[in-house]
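Asks: File follows, run.cif with mmCIF, C-alpha atoms:
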data_protein
loop_
_atom_site.label_atom_id
_atom_site.label_comp_id
_atom_site.auth_asym_id
_atom_site.auth_seq_id
_atom_site.Cartn_x
_atom_site.Cartn_y
_atom_site.Cartn_z
CA MET A 1 124.66 104.45 174.51
CA LYS A 2 124.88 108.04 173.48
CA LYS A 3 128.23 109.59 174.32
CA LEU A 4 126.44 112.86 175.05
CA MET A 5 125.04 111.28 178.21
CA ALA A 6 126.41 113.24 181.15
CA ALA A 7 126.50 112.41 184.83
CA VAL A 8 123.21 111.39 186.35
CA LEU A 9 121.47 113.34 189.04
CA THR A 10 122.74 111.71 192.21
CA ALA A 11 120.36 113.22 194.69
CA THR A 12 116.85 112.92 195.93
CA VAL A 13 114.93 113.60 199.06
CA ALA A 14 114.91 110.88 201.68
CA THR A 15 111.44 109.62 200.80
CA GLY A 16 112.18 109.18 197.11
CA LEU A 17 112.82 105.96 195.15
CA LEU A 18 116.36 107.00 194.12
CA ALA A 19 119.64 107.08 196.03
CA GLY A 20 120.26 109.72 198.71
CA CYS A 21 122.00 113.00 197.96
CA SER A 22 125.05 114.78 199.17
CA THR A 23 124.56 118.15 200.77
CA GLY A 24 125.77 121.52 199.65
CA ASN A 25 124.73 124.86 198.30
CA GLY A 26 124.61 126.05 194.74
CA GLY A 27 123.33 128.77 192.48
CA ASN A 28 123.69 129.74 188.88
CA GLY A 29 125.90 132.74 189.55
CA GLU A 30 124.14 134.94 187.01
CA LYS A 31 123.15 137.76 189.31
CA GLY A 32 124.43 141.19 188.45
CA SER A 33 124.51 142.84 185.08
CA GLU A 34 122.98 139.88 183.23
CA ALA A 35 119.97 139.90 185.56
CA ALA A 36 119.62 143.69 185.62
CA GLY A 37 116.05 144.78 185.17
CA LYS A 38 114.64 141.30 185.55
CA GLN A 39 112.43 140.06 188.37
CA GLU A 40 114.42 137.67 190.59
CA VAL A 41 112.92 134.21 191.00
CA THR A 42 114.35 131.60 193.39
CA MET A 43 114.05 127.84 192.99
CA TRP A 44 114.90 125.39 195.77
CA GLY A 45 115.79 121.76 195.27
CA SER A 46 117.62 118.90 196.95
CA MET A 47 119.67 117.99 193.89
CA SER A 48 123.33 118.79 194.47
CA GLY A 49 126.78 117.86 193.18
CA ASP A 50 126.98 117.62 189.39
CA ALA A 51 123.22 118.18 189.23
CA VAL A 52 123.69 121.86 190.06
CA GLU A 53 125.58 122.41 186.81
CA TYR A 54 122.83 120.79 184.77
CA ILE A 55 120.00 122.66 186.48
CA ASN A 56 121.92 125.91 186.14
CA GLN A 57 122.22 125.28 182.42
CA MET A 58 118.44 124.97 182.20
CA THR A 59 117.82 128.12 184.22
CA GLU A 60 120.35 129.96 182.05
CA ASN A 61 118.53 128.78 178.93
CA TYR A 62 115.28 130.08 180.37
CA ASN A 63 116.80 133.36 181.53
CA ASN A 64 118.13 133.96 178.03
CA SER A 65 114.80 133.07 176.42
CA GLN A 66 112.86 136.04 177.79
CA GLU A 67 113.34 139.51 179.28
CA LYS A 68 111.10 139.52 182.36
CA TYR A 69 112.43 136.96 184.85
CA HIS A 70 115.72 135.65 186.20
CA VAL A 71 115.68 132.25 187.92
CA THR A 72 118.37 131.19 190.39
CA TYR A 73 118.69 127.67 191.78
CA ALA A 74 119.64 127.07 195.42
CA VAL A 75 120.38 123.63 196.88
CA GLN A 76 118.67 122.76 200.15
CA ASP A 77 119.47 119.74 202.26
CA SER A 78 116.70 118.54 204.62
CA MET A 79 114.39 120.23 202.16
CA GLU A 80 111.01 119.35 203.69
CA GLU A 81 112.09 120.63 207.08
CA LYS A 82 113.50 123.85 205.65
CA LEU A 83 110.44 124.46 203.52
CA VAL A 84 108.07 124.06 206.46
CA THR A 85 110.22 126.47 208.48
CA ALA A 86 110.31 128.95 205.60
CA ILE A 87 106.55 128.84 205.18
CA ALA A 88 106.03 129.47 208.89
CA GLY A 89 108.36 132.47 208.66
CA GLY A 90 106.89 133.77 205.42
CA ASP A 91 110.17 133.70 203.50
CA VAL A 92 109.71 130.98 200.88
CA PRO A 93 111.21 130.35 197.44
CA ASP A 94 109.11 130.91 194.33
CA ILE A 95 109.57 127.38 192.97
CA VAL A 96 110.46 124.04 194.52
CA MET A 97 111.84 121.08 192.59
CA TRP A 98 110.13 118.36 194.57
CA ASP A 99 109.87 114.59 194.86
CA ARG A 100 106.37 114.15 193.45
CA PHE A 101 105.55 111.43 195.95
CA THR A 102 105.29 113.89 198.84
CA THR A 103 103.08 116.45 197.09
CA ALA A 104 99.68 115.41 198.47
CA THR A 105 100.97 115.22 202.03
CA TYR A 106 102.37 118.75 202.02
CA ALA A 107 99.54 120.19 199.95
CA ALA A 108 97.17 119.07 202.71
CA LYS A 109 99.26 121.15 205.13
CA GLY A 110 98.81 124.24 202.98
CA ALA A 111 102.41 124.27 201.77
CA PHE A 112 101.64 124.67 198.05
CA MET A 113 99.27 126.69 195.95
CA PRO A 114 96.95 124.91 193.49
CA LEU A 115 97.87 125.47 189.85
CA ASP A 116 94.50 124.72 188.27
CA ASP A 117 93.81 128.34 187.31
CA TYR A 118 97.22 128.68 185.66
CA ILE A 119 96.74 125.40 183.81
CA ALA A 120 93.28 126.36 182.59
CA GLY A 121 94.29 129.94 181.75
CA ASP A 122 97.15 128.80 179.51
CA ARG A 123 95.26 125.76 178.24
CA VAL A 124 98.01 123.40 179.31
CA ASP A 125 97.10 119.86 178.30
CA MET A 126 97.99 117.65 181.25
CA ASP A 127 97.57 114.58 179.04
CA GLN A 128 100.99 115.36 177.57
CA PHE A 129 102.50 113.96 180.79
CA TYR A 130 102.56 110.37 181.97
CA GLN A 131 99.22 110.16 183.75
CA PRO A 132 100.52 108.57 186.98
CA THR A 133 102.85 111.54 187.45
CA VAL A 134 99.96 113.97 187.07
CA GLU A 135 97.88 112.09 189.62
CA GLU A 136 100.83 111.98 192.00
CA MET A 137 100.93 115.77 192.07
CA LYS A 138 97.27 116.18 192.95
CA GLY A 139 96.09 116.87 196.46
CA ASN A 140 93.52 114.89 198.38
CA ASP A 141 91.10 117.64 197.34
CA GLY A 142 91.57 116.77 193.66
CA LYS A 143 93.40 120.00 192.83
CA GLN A 144 96.62 120.03 190.82
CA TYR A 145 99.51 121.24 192.98
CA GLY A 146 102.43 120.61 190.65
CA VAL A 147 103.58 119.76 187.14
CA PRO A 148 105.71 116.65 186.50
CA LEU A 149 109.29 117.25 185.37
CA THR A 150 111.23 113.97 185.32
CA VAL A 151 110.59 110.26 185.63
CA ASP A 152 112.75 107.29 186.52
CA THR A 153 112.28 103.59 187.01
CA ARG A 154 114.22 100.35 187.23
CA ILE A 155 114.65 97.81 184.46
CA LEU A 156 116.80 94.71 184.05
CA PHE A 157 120.48 95.23 183.24
CA TYR A 158 122.49 92.27 181.97
CA ASN A 159 126.17 91.60 181.30
CA LYS A 160 126.41 90.72 177.62
CA GLU A 161 129.66 88.78 177.94
CA LEU A 162 128.48 86.66 180.86
CA LEU A 163 125.21 85.76 179.12
CA LYS A 164 127.02 84.89 175.90
CA GLU A 165 129.48 82.70 177.80
CA ALA A 166 126.61 80.82 179.48
CA GLY A 167 124.60 80.50 176.28
CA VAL A 168 121.70 82.55 177.68
CA ASN A 169 119.58 84.51 175.22
CA PRO A 170 118.60 87.79 176.90
CA GLU A 171 115.53 88.18 174.69
CA GLU A 172 114.03 85.10 176.34
CA ILE A 173 114.18 86.65 179.83
CA SER A 174 110.64 88.02 179.81
CA THR A 175 108.97 86.22 182.75
CA TRP A 176 109.76 85.33 186.36
CA ASP A 177 110.31 81.72 185.37
CA ALA A 178 112.65 82.67 182.54
CA LEU A 179 114.57 85.00 184.85
CA LYS A 180 114.99 82.23 187.41
CA THR A 181 116.21 79.78 184.75
CA ALA A 182 118.69 82.31 183.38
CA ALA A 183 119.93 83.29 186.85
CA ALA A 184 120.60 79.64 187.70
CA ALA A 185 122.54 79.13 184.48
CA LEU A 186 124.60 82.25 185.13
CA THR A 187 125.56 81.42 188.73
CA LYS A 188 129.02 80.04 189.45
CA ARG A 189 130.41 78.47 192.61
CA ASP A 190 133.84 77.00 193.33
CA ALA A 191 134.50 73.40 194.32
CA GLY A 192 133.76 74.26 197.94
CA GLY A 193 130.42 75.84 197.10
CA LYS A 194 131.56 79.45 197.52
CA LEU A 195 129.66 81.87 195.31
CA GLU A 196 131.95 83.32 192.65
CA GLN A 197 129.41 84.78 190.23
CA SER A 198 125.81 85.64 190.98
CA GLY A 199 123.21 85.08 188.31
CA PHE A 200 120.86 87.73 189.70
CA SER A 201 121.20 90.32 192.45
CA LEU A 202 118.64 90.30 195.27
CA SER A 203 120.43 92.99 197.22
CA ASP A 204 117.43 95.30 197.57
CA PRO A 205 114.32 93.90 199.28
CA GLY A 206 112.90 97.40 199.03
CA LEU A 207 111.89 96.55 195.46
CA PHE A 208 109.11 94.39 196.90
CA ASN A 209 106.68 97.17 195.90
CA ASN A 210 107.51 96.45 192.26
CA TRP A 211 107.44 92.66 192.57
CA ILE A 212 104.01 92.57 194.23
CA LEU A 213 102.46 94.51 191.36
CA GLN A 214 103.80 91.90 188.96
CA ALA A 215 102.24 89.21 191.17
CA GLY A 216 98.87 90.91 190.75
CA GLY A 217 98.75 92.50 194.20
CA LYS A 218 99.16 95.93 195.72
CA MET A 219 100.75 97.55 198.72
CA VAL A 220 97.77 99.37 200.23
CA ASP A 221 93.99 99.15 200.01
CA ASP A 222 92.84 102.76 199.81
CA THR A 223 89.19 101.92 199.15
CA VAL A 224 88.52 101.77 202.89
CA THR A 225 88.85 104.43 205.59
CA PRO A 226 91.41 104.50 207.01
CA PRO A 227 93.49 102.75 204.34
CA VAL A 228 95.03 99.41 205.31
CA THR A 229 97.99 97.42 204.06
CA ALA A 230 97.31 94.85 201.34
CA PHE A 231 100.67 93.12 200.96
CA ASN A 232 99.93 90.25 203.37
CA SER A 233 98.18 88.41 200.58
CA GLU A 234 98.57 85.61 198.06
CA ALA A 235 100.48 88.04 195.84
CA GLY A 236 102.81 89.01 198.69
CA LEU A 237 103.48 85.38 199.49
CA ALA A 238 104.11 84.66 195.81
CA VAL A 239 106.86 87.29 195.80
CA LEU A 240 108.60 85.95 198.90
CA ASN A 241 108.26 82.35 197.77
CA TYR A 242 109.89 83.34 194.47
CA TRP A 243 112.71 85.05 196.32
CA ASP A 244 113.10 81.92 198.44
CA GLU A 245 113.46 79.83 195.28
CA LEU A 246 116.18 82.14 193.97
CA LEU A 247 118.06 82.32 197.28
CA ASN A 248 117.68 78.88 198.78
CA GLN A 249 116.86 76.51 195.94
CA GLU A 250 118.68 77.87 192.91
CA LYS A 251 121.17 79.67 195.21
CA VAL A 252 121.79 82.46 192.70
CA TYR A 253 122.65 85.05 195.34
CA GLU A 254 123.86 85.44 198.92
CA LEU A 255 123.51 88.38 201.27
CA GLY A 256 126.77 90.30 201.51
CA PHE A 257 128.10 88.91 198.23
CA GLU A 258 128.49 92.37 196.72
CA ASP A 259 130.11 93.91 199.78
CA GLY A 260 133.53 92.96 198.47
CA PHE A 261 132.83 94.82 195.23
CA GLY A 262 131.89 98.18 196.67
CA GLY A 263 128.26 97.14 196.84
CA ASN A 264 128.03 96.90 193.05
CA GLY A 265 128.67 93.37 191.83
CA PHE A 266 127.23 94.12 188.40
CA LYS A 267 129.72 96.89 187.73
CA ALA A 268 132.51 94.59 188.91
CA GLY A 269 131.42 91.88 186.47
CA LYS A 270 130.43 89.50 189.28
CA VAL A 271 126.63 89.80 188.91
CA ALA A 272 125.09 88.82 185.59
CA ILE A 273 121.64 90.43 185.91
CA CYS A 274 120.26 93.11 188.21
CA PHE A 275 117.65 95.82 188.49
CA ASN A 276 118.93 99.36 188.04
CA GLY A 277 117.89 102.79 186.80
CA PRO A 278 119.06 105.59 184.49
CA TRP A 279 121.23 107.03 187.25
CA ALA A 280 123.63 104.09 186.72
CA LEU A 281 124.31 104.69 183.02
CA LYS A 282 127.31 107.00 183.22
CA SER A 283 129.07 104.89 185.83
CA LEU A 284 128.53 101.70 183.82
CA ASP A 285 129.71 103.35 180.60
CA GLU A 286 132.88 104.45 182.36
CA SER A 287 133.46 100.98 183.80
CA GLY A 288 133.82 99.39 180.38
CA ILE A 289 131.20 96.75 181.13
CA SER A 290 129.39 95.53 178.01
CA TYR A 291 125.78 95.65 179.11
CA GLY A 292 122.28 95.59 177.75
CA VAL A 293 118.86 96.23 179.21
CA LEU A 294 115.48 94.54 179.21
CA GLU A 295 111.99 95.56 180.21
CA GLN A 296 110.49 94.36 183.47
CA PRO A 297 109.65 90.62 183.51
CA GLU A 298 106.05 89.44 183.63
CA GLY A 299 104.81 87.99 186.88
CA PRO A 300 102.97 84.66 187.25
CA GLY A 301 99.70 86.17 186.05
CA GLY A 302 101.24 87.78 182.98
CA VAL A 303 101.42 91.20 184.64
CA ARG A 304 104.26 93.53 183.68
CA SER A 305 104.69 96.58 185.88
CA ALA A 306 107.24 99.04 187.22
CA ILE A 307 107.40 101.72 189.90
CA MET A 308 107.86 105.25 188.58
CA GLY A 309 109.71 107.87 190.58
CA GLY A 310 110.89 111.34 189.73
CA PHE A 311 110.50 115.04 190.37
CA GLY A 312 107.99 117.79 189.72
CA LEU A 313 107.78 121.56 190.13
CA VAL A 314 105.51 123.23 192.69
CA ILE A 315 104.87 126.78 193.90
CA PRO A 316 104.79 127.39 197.67
CA SER A 317 101.55 128.94 198.91
CA LYS A 318 103.32 132.10 200.11
CA ALA A 319 105.54 132.59 197.06
CA LYS A 320 106.11 136.25 196.25
CA ASN A 321 106.36 135.73 192.49
CA PRO A 322 103.87 133.01 191.54
CA ASP A 323 103.28 134.33 188.00
CA ALA A 324 107.01 134.25 187.30
CA ALA A 325 107.28 130.80 188.86
CA TRP A 326 104.49 129.50 186.64
CA ASP A 327 106.11 130.96 183.52
CA PHE A 328 109.30 129.03 184.27
CA ILE A 329 107.43 125.81 185.13
CA LYS A 330 105.45 126.00 181.90
CA TRP A 331 108.61 126.67 179.88
CA TRP A 332 110.52 123.69 181.27
CA THR A 333 107.76 121.11 181.39
CA THR A 334 105.55 121.77 178.37
CA GLN A 335 108.17 122.42 175.71
CA PRO A 336 109.47 118.97 174.70
CA GLU A 337 112.84 120.27 173.54
CA ASN A 338 113.60 121.39 177.09
CA GLY A 339 112.87 117.95 178.48
CA VAL A 340 115.18 116.42 175.89
CA GLU A 341 117.91 118.94 176.66
CA PHE A 342 117.79 118.19 180.38
CA ALA A 343 117.97 114.46 179.65
CA LYS A 344 121.06 114.97 177.51
CA LEU A 345 122.68 116.85 180.36
CA SER A 346 121.61 114.77 183.32
CA ALA A 347 120.31 111.36 182.14
CA ASN A 348 116.95 112.10 183.78
CA LEU A 349 114.04 111.06 181.63
CA PRO A 350 111.30 113.62 180.88
CA ALA A 351 107.80 113.25 182.33
CA ASN A 352 106.51 114.87 179.14
CA LYS A 353 105.51 112.04 176.77
CA ASN A 354 106.15 114.16 173.68
CA ALA A 355 109.71 114.74 174.85
CA ALA A 356 110.13 111.04 175.64
CA ALA A 357 109.08 110.19 172.07
CA ASP A 358 112.00 112.19 170.66
CA ASP A 359 114.50 110.34 168.46
CA TYR A 360 117.12 110.91 171.15
CA PHE A 361 115.34 108.24 173.21
CA MET A 362 113.67 106.14 170.54
CA ASN A 363 116.87 105.56 168.54
CA ASP A 364 118.93 104.60 171.58
CA GLU A 365 118.98 100.90 172.53
CA ILE A 366 119.15 101.71 176.24
CA LEU A 367 116.96 104.78 176.61
CA SER A 368 114.22 103.38 174.38
CA VAL A 369 113.68 100.51 176.83
CA PHE A 370 113.24 102.98 179.67
CA SER A 371 110.71 104.89 177.56
CA LYS A 372 108.76 101.71 176.80
CA THR A 373 108.72 100.80 180.48
CA MET A 374 107.22 104.17 181.37
CA LEU A 375 104.11 103.29 179.38
CA TYR A 376 103.06 100.76 182.02
CA ALA A 377 104.90 102.10 185.07
CA THR A 378 102.87 103.41 187.97
CA THR A 379 103.62 105.53 191.02
CA ARG A 380 103.55 104.75 194.70
CA MET A 381 100.18 105.28 196.31
CA PRO A 382 99.69 108.85 197.61
CA VAL A 383 98.38 107.63 200.95
CA PRO A 384 99.44 109.46 204.14
CA GLY A 385 101.94 107.30 206.00
CA TYR A 386 102.79 105.14 202.99
CA SER A 387 106.51 105.85 203.02
CA ASP A 388 106.72 104.87 206.70
CA VAL A 389 104.85 101.67 205.95
CA GLU A 390 107.56 100.75 203.47
CA GLY A 391 110.52 102.01 205.46
CA LEU A 392 109.57 101.29 209.06
CA ALA A 393 107.12 98.39 208.89
CA LEU A 394 107.79 96.30 205.80
CA ARG A 395 111.47 96.71 204.95
CA PRO A 396 112.83 95.49 208.33
CA GLN A 397 110.69 92.36 208.11
CA LEU A 398 111.78 91.68 204.54
CA ASP A 399 115.41 91.96 205.63
CA LEU A 400 114.76 89.36 208.32
CA PHE A 401 113.04 87.08 205.81
CA VAL A 402 115.86 87.32 203.27
CA GLY A 403 118.32 86.68 206.10
CA GLY A 404 116.48 83.50 207.03
CA THR A 405 115.26 84.71 210.44
CA LEU A 406 111.53 84.88 209.61
CA SER A 407 109.23 82.84 207.39
CA ALA A 408 107.34 84.60 204.62
CA GLU A 409 104.11 84.36 206.59
CA GLU A 410 105.69 85.77 209.75
CA ALA A 411 107.36 88.65 207.91
CA LEU A 412 104.21 89.77 206.14
CA ALA A 413 101.96 89.36 209.19
CA THR A 414 104.25 91.42 211.41
CA ALA A 415 104.64 94.10 208.76
CA GLN A 416 100.87 94.20 208.26
CA LYS A 417 100.24 94.79 211.96
CA GLN A 418 102.80 97.58 212.15
CA GLY A 419 101.81 99.08 208.80
CA ASP A 420 98.10 99.24 209.59
CA LYS A 421 98.92 101.10 212.80
CA ILE A 422 101.03 103.62 210.87
CA LEU A 423 98.26 104.21 208.32
CA ALA A 424 95.62 104.65 211.00
CA GLU A 425 97.73 107.17 212.89
CA ALA A 426 98.53 109.09 209.70
CA ALA A 427 94.85 109.23 208.72
CA SER A 428 93.88 110.65 212.11
CA LYS A 429 96.23 113.63 211.87
#
Now that the file is in, can you turn its structure into structure tokens?

Replies:
Amino acid sequence: MKKLMAAVLTATVATGLLAGCSTGNGGNGEKGSEAAGKQEVTMWGSMSGDAVEYINQMTENYNNSQEKYHVTYAVQDSMEEKLVTAIAGGDVPDIVMWDRFTTATYAAKGAFMPLDDYIAGDRVDMDQFYQPTVEEMKGNDGKQYGVPLTVDTRILFYNKELLKEAGVNPEEISTWDALKTAAAALTKRDAGGKLEQSGFSLSDPGLFNNWILQAGGKMVDDTVTPPVTAFNSEAGLAVLNYWDELLNQEKVYELGFEDGFGGNGFKAGKVAICFNGPWALKSLDESGISYGVLEQPEGPGGVRSAIMGGFGLVIPSKAKNPDAAWDFIKWWTTQPENGVEFAKLSANLPANKNAAADDYFMNDEILSVFSKTMLYATTRMPVPGYSDVEGLALRPQLDLFVGGTLSAEEALATAQKQGDKILAEAASK
């Protein structure tokens, strides 16, 4: 792992795939003589903590690269709420660093301005970005409301020492069946049956959206109006039956097992294999754990997939300096060297494919696997109400299933009923 890797961005908006953020305020502190004569441009974002330093470095690089504009970053907690309030009051930032997943929803409310004219005028090739990220920043009207900035996803992390001790070859863990076999071999219990070492962590049922893709299914059917849930299916049952095999037949994991290790059994050396993302790299490097990574396993039908998250840059519809905002967006997203620089600072992967092909990623045994995974990763469906379907309808039922309270059929049927209601209500607004 490159020693240049700095702390990962630890924040995201509540609807994003990544962990939640701390709150706070930040700016790059460059106002004054350095900004004299330049047009002031404000960027809002939810990324706080160490992330402020890394973003400020990028804005400083931009500010020093030209003589017209000066960008300042300001952290906003409860960003969606504050942005809606700002738009209503007419006092909005020029740029917003935004969870791409929410773009279509807020574009439909008139929150953002379409960027198609800017893109066409400067002949920006949108094919240079991972295509799912481009689609995720389109509105329901087909217009482009943002440009992708970063991507992230989860891949398999494994403890090299534990696998070597158990005689497990990590390169053979390429399918669900192989993962189950390896997890069983890596699980340890004491004479009384108490779990001492878990072969594979099943601590996050929220990853069901990734598993069902590998089973050949999908979360929502958006070919009908209004959209309906699609997870109560053979593919959905295949996922839960596989989880049941891991939990109750092979007994590779138990709920609450990682509570005694600060919620991170892998970092403590008590979990052999788990799913994780680039945000974990710095912490794992500091822990001294000898770890490796693998691409996503193939599901029963030979499908390999991953869910792609990340951020993009948008311009609010009432921004006072849209030309300046676009100049900054174009600078950061279309020049590969800037995507690489931000990755070196923050461990966030660039949405620009040319940046992702840089030797910095390709020559690194960890980062190169993330880059390969991005080639088949896809985004969550930009359907109104989707996030509530996951968070309010499906996740509670999955928790009950994993806890042994509901059968797979009961969990999916109940979630379907609740989820379809959420989608119908969202479509009617």

Asks: Considering only C-alpha atoms, state which residue in the set A:Asp285, A:Glu409, A:Glu337, A:Glu298 is at the smallest distance from Asn210 (chain A).

Replies: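 Closest to Asn210 (chain A), using only C-alpha atoms: A:Glu298.
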
Asks: Using CA of Leu423 (chain A) and CA of Thr102 (chain A) as the two end points, give the distance in Å to one decimal.

Replies: 15.3 Å

Asks: Between A:Ser305, A:Gln131, A:Ser387, A:Ser407, single out the one closest to Val151 (chain A), counting only C-alpha atoms.

Replies: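 Among A:Ser305, A:Gln131, A:Ser387, A:Ser407, it is A:Gln131 that comes nearest to Val151 (chain A).
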
Asks: May I ask which of the residues A:Phe208, A:Trp243, A:Phe266, A:Trp331 is the closest one to Glu390 (chain A), counting all atoms listed in the file?

Replies: A:Phe208

Asks: Which residues, written as a ChimeraX atom specification, have at least one atom at most 9 Å from region 253-260 of chain A, with only C-alpha atoms counted and residues fewer than 4 positions away on the same chain left out?

Replies: /A:187,195-203,246-248,264-266,270-271,402-403

Asks: If you keep C-alpha atoms, can you produce a file of those selected residues as a compact mmCIF listing (two decimals), in the coordinates of the input?

Replies:
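Output contents, as saved in out30.txt:
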# COMPACT_ATOMS: atom_id res chain seq x y z
CA THR A 187 125.56 81.42 188.73
CA LEU A 195 129.66 81.87 195.31
CA GLU A 196 131.95 83.32 192.65
CA GLN A 197 129.41 84.78 190.23
CA SER A 198 125.81 85.64 190.98
CA GLY A 199 123.21 85.08 188.31
CA PHE A 200 120.86 87.73 189.70
CA SER A 201 121.20 90.32 192.45
CA LEU A 202 118.64 90.30 195.27
CA SER A 203 120.43 92.99 197.22
CA LEU A 246 116.18 82.14 193.97
CA LEU A 247 118.06 82.32 197.28
CA ASN A 248 117.68 78.88 198.78
CA ASN A 264 128.03 96.90 193.05
CA GLY A 265 128.67 93.37 191.83
CA PHE A 266 127.23 94.12 188.40
CA LYS A 270 130.43 89.50 189.28
CA VAL A 271 126.63 89.80 188.91
CA VAL A 402 115.86 87.32 203.27
CA GLY A 403 118.32 86.68 206.10

Asks: What are the nearest atom pairs, with distances in Å to one decimal, for all residues of region 48-152 of chain A that come at most 8 Å from region 36-44 of chain A, using all atoms listed in the file, set out by chain and rising residue number as a Markdown table?

Replies:
| residue | atom | partner | partner_atom | distance |
| --- | --- | --- | --- | --- |
| A:Glu67 | CA | A:Lys38 | CA | 6.6 |
| A:Lys68 | CA | A:Lys38 | CA | 5.1 |
| A:Tyr69 | CA | A:Gln39 | CA | 4.7 |
| A:His70 | CA | A:Glu40 | CA | 5.0 |
| A:Val71 | CA | A:Val41 | CA | 4.6 |
| A:Thr72 | CA | A:Thr42 | CA | 5.0 |
| A:Tyr73 | CA | A:Met43 | CA | 4.8 |
| A:Ala74 | CA | A:Trp44 | CA | 5.0 |
| A:Val75 | CA | A:Trp44 | CA | 5.9 |
| A:Gln76 | CA | A:Trp44 | CA | 6.3 |
| A:Pro93 | CA | A:Thr42 | CA | 5.3 |
| A:Asp94 | CA | A:Thr42 | CA | 5.4 |
| A:Ile95 | CA | A:Met43 | CA | 4.5 |
| A:Val96 | CA | A:Trp44 | CA | 4.8 |
| A:Met97 | CA | A:Trp44 | CA | 6.2 |
